[in-house]
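A.B. asks: Sharing a structure, written as structure tokens. Questions coming.
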Amino acid sequence: MSGVMKRMGMIFRAKANKALDRAEDPRETLDYSYQKQLELLQKVRRGVADVATSRKRLELQLNQLQNQSTKLEDQGRKALALGREDLAREALSRRAALQQQVTDLETQHQTLQGEEEKLTLAAQRLQAKVDAFRTKKETIKATYTAAQAQTRIGEAFSGISEEMGDVGMAIQRAEDKTAQLQARAGAIDELLASGALDDQSGLAKDDIQSELDRLSGGTDVELELQRMKAELAGGSPQQAIEGGTGQSTPQSQPQDTPRFDKQ
């Protein structure tokens with residue numbers, strides 16, 4: 001049972017892979033990959049912007065602490081000038097605490113500045129890769145489209161494409177039906193001419209009737225020819241017709257026929 005399930009799973013995966021391969025368009029896949037790279041580049045740029053913002057905030061805090069440190073130092077000097085050593089000591093103590101904060105912030109500032117430089121360099125490299133991928137993507141898409149068009153044209157010329165195959169089959173069926181009808185019509189004509197089939201329309205003629213019609217047509221032509229000759233000779237058409245068609249008068253026998261007596 002386990003072997004059957006494994007086999008069924010393999011068959012299912014093979015068919016699914018074939019269906020996916022048939023449905024996949026490389027151009028769409030390339031466009032999707034390019035879109036994902038643009039999204040990644042956008043995230044890196046936002047990271048650079050966030051690090052730069054944090055660095056800028058530290059710089060503002062450092063400026064504030066340094067101003068406070070300078071102010072405490074001035075206050076301590078004035079207090080010492082006035083003989084208030086205790087106030088001068090307190091001002092210097094506060095200044096020392098601020099100085100420690102300034103040192104910590106400077107360390108953080110240097111760290112953020114290093115991260116910002118790394119992210120900026122990564123963003124530049126990623127931008128270069130995205131640009132190169134875009135150029136390669138468009139080249140592959142153009143090549144694929146040209147190859148696809150060339151394949152379709154070749155299939156159309158060779159008749160192996162699905163659409164042209166249907167057209168070729170339709171033409172073949174039409175030619176077969178036409179040849180069948182022509183053969184049937186020729187067979188019927190031969191059967192009618194031989195008398196094996198009767199012409200119910202009454203238009204068909206047998207061989208004797210055709211011969212009579214031919215002779216009748218020839219007589220009409222002869223009569224028309226005699227009429228035209230009479231018109232050209234100056235005679236009447238009736239005389240020409242009668243002269244052409246009448247029989248010659250037999251010559252009369254002489255009245256006196258010699259007789260021979262029998263001996």
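A note on labels: chains of the structure tokens are A, B, ... as shown, every chain counts residues from 1, and ligands are counted from 1 in their shown order.
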Would you mind listing what lies within 12 Å of Lys56 (chain A) as a PyMOL selection string, with only C-alpha atoms counted and same-chain residues fewer than 6 positions away left out?
C.D. replies: chain A and resi 49-50+62-63+105-106+108-110+112-113+116
A.B. asks: Go ahead and save the residues from that selection, with C-alpha atoms, as a PDB file, in the first residue's frame.
C.D. replies:
```pdb
ATOM      1  CA  ALA A  49      17.289  56.255   5.609  1.00  0.00           C
ATOM      2  CA  ASP A  50      16.421  54.912   9.076  1.00  0.00           C
ATOM      3  CA  LEU A  62      25.707  65.297  21.115  1.00  0.00           C
ATOM      4  CA  ASN A  63      25.443  68.957  20.254  1.00  0.00           C
ATOM      5  CA  LEU A 105      26.820  58.833  22.195  1.00  0.00           C
ATOM      6  CA  GLU A 106      29.929  59.324  20.120  1.00  0.00           C
ATOM      7  CA  GLN A 108      26.964  54.942  19.078  1.00  0.00           C
ATOM      8  CA  HIS A 109      27.358  57.625  16.437  1.00  0.00           C
ATOM      9  CA  GLN A 110      30.426  55.940  15.012  1.00  0.00           C
ATOM     10  CA  LEU A 112      25.603  54.027  13.194  1.00  0.00           C
ATOM     11  CA  GLN A 113      27.832  55.831  10.754  1.00  0.00           C
ATOM     12  CA  GLU A 116      25.040  53.594   7.257  1.00  0.00           C
TER      13      GLU A 116
END
```
A.B. asks: Could you check how far CA of Ala88 (chain A) sits from CA of Gln75 (chain A), in Å to one decimal?
C.D. replies: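 For CA of Ala88 (chain A) relative to CA of Gln75 (chain A), the distance reads 7.1 Å.
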A.B. asks: In Å, with one decimal, what is the gap from CA of Arg13 (chain A) to CA of Arg27 (chain A)?
C.D. replies: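 Result for CA of Arg13 (chain A) versus CA of Arg27 (chain A): 24.0 Å, one decimal.
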A.B. asks: One decimal, Å: what's the distance from CA of Met169 (chain A) over to CA of Asp25 (chain A), could you say?
C.D. replies: 29.8 Å
A.B. asks: For Gln101 (chain A), find every residue with an atom within 10 Å (counting only C-alpha atoms), except residues of its own chain fewer than 6 positions away, and show them as a PyMOL selection string.
C.D. replies: chain A and resi 61-62+65-66+95+107
A.B. asks: Neighbouring residues of Asp31 (chain A) were defined as those with any atom within 12 Å, considering only C-alpha atoms; residues of the same chain fewer than 4 positions away were excluded. Please report them as a ChimeraX atom specification.
C.D. replies: /A:25-27,35-38,130,133-138,140-141
A.B. asks: So which one's closest to Leu92 (chain A), A:Asp74, A:Glu231, A:Glu224, A:Asp189? Using only C-alpha atoms, please.
C.D. replies: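 Closest residue, counting only C-alpha atoms: A:Asp74.
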A.B. asks: Restricting the calculation to only C-alpha atoms, which member of A:Ile171, A:Ala97, A:Leu80, A:Leu41 is positioned closest to Ala128 (chain A)?
C.D. replies: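 Between A:Ile171, A:Ala97, A:Leu80, A:Leu41, the residue approaching Ala128 (chain A) most closely is A:Leu41.
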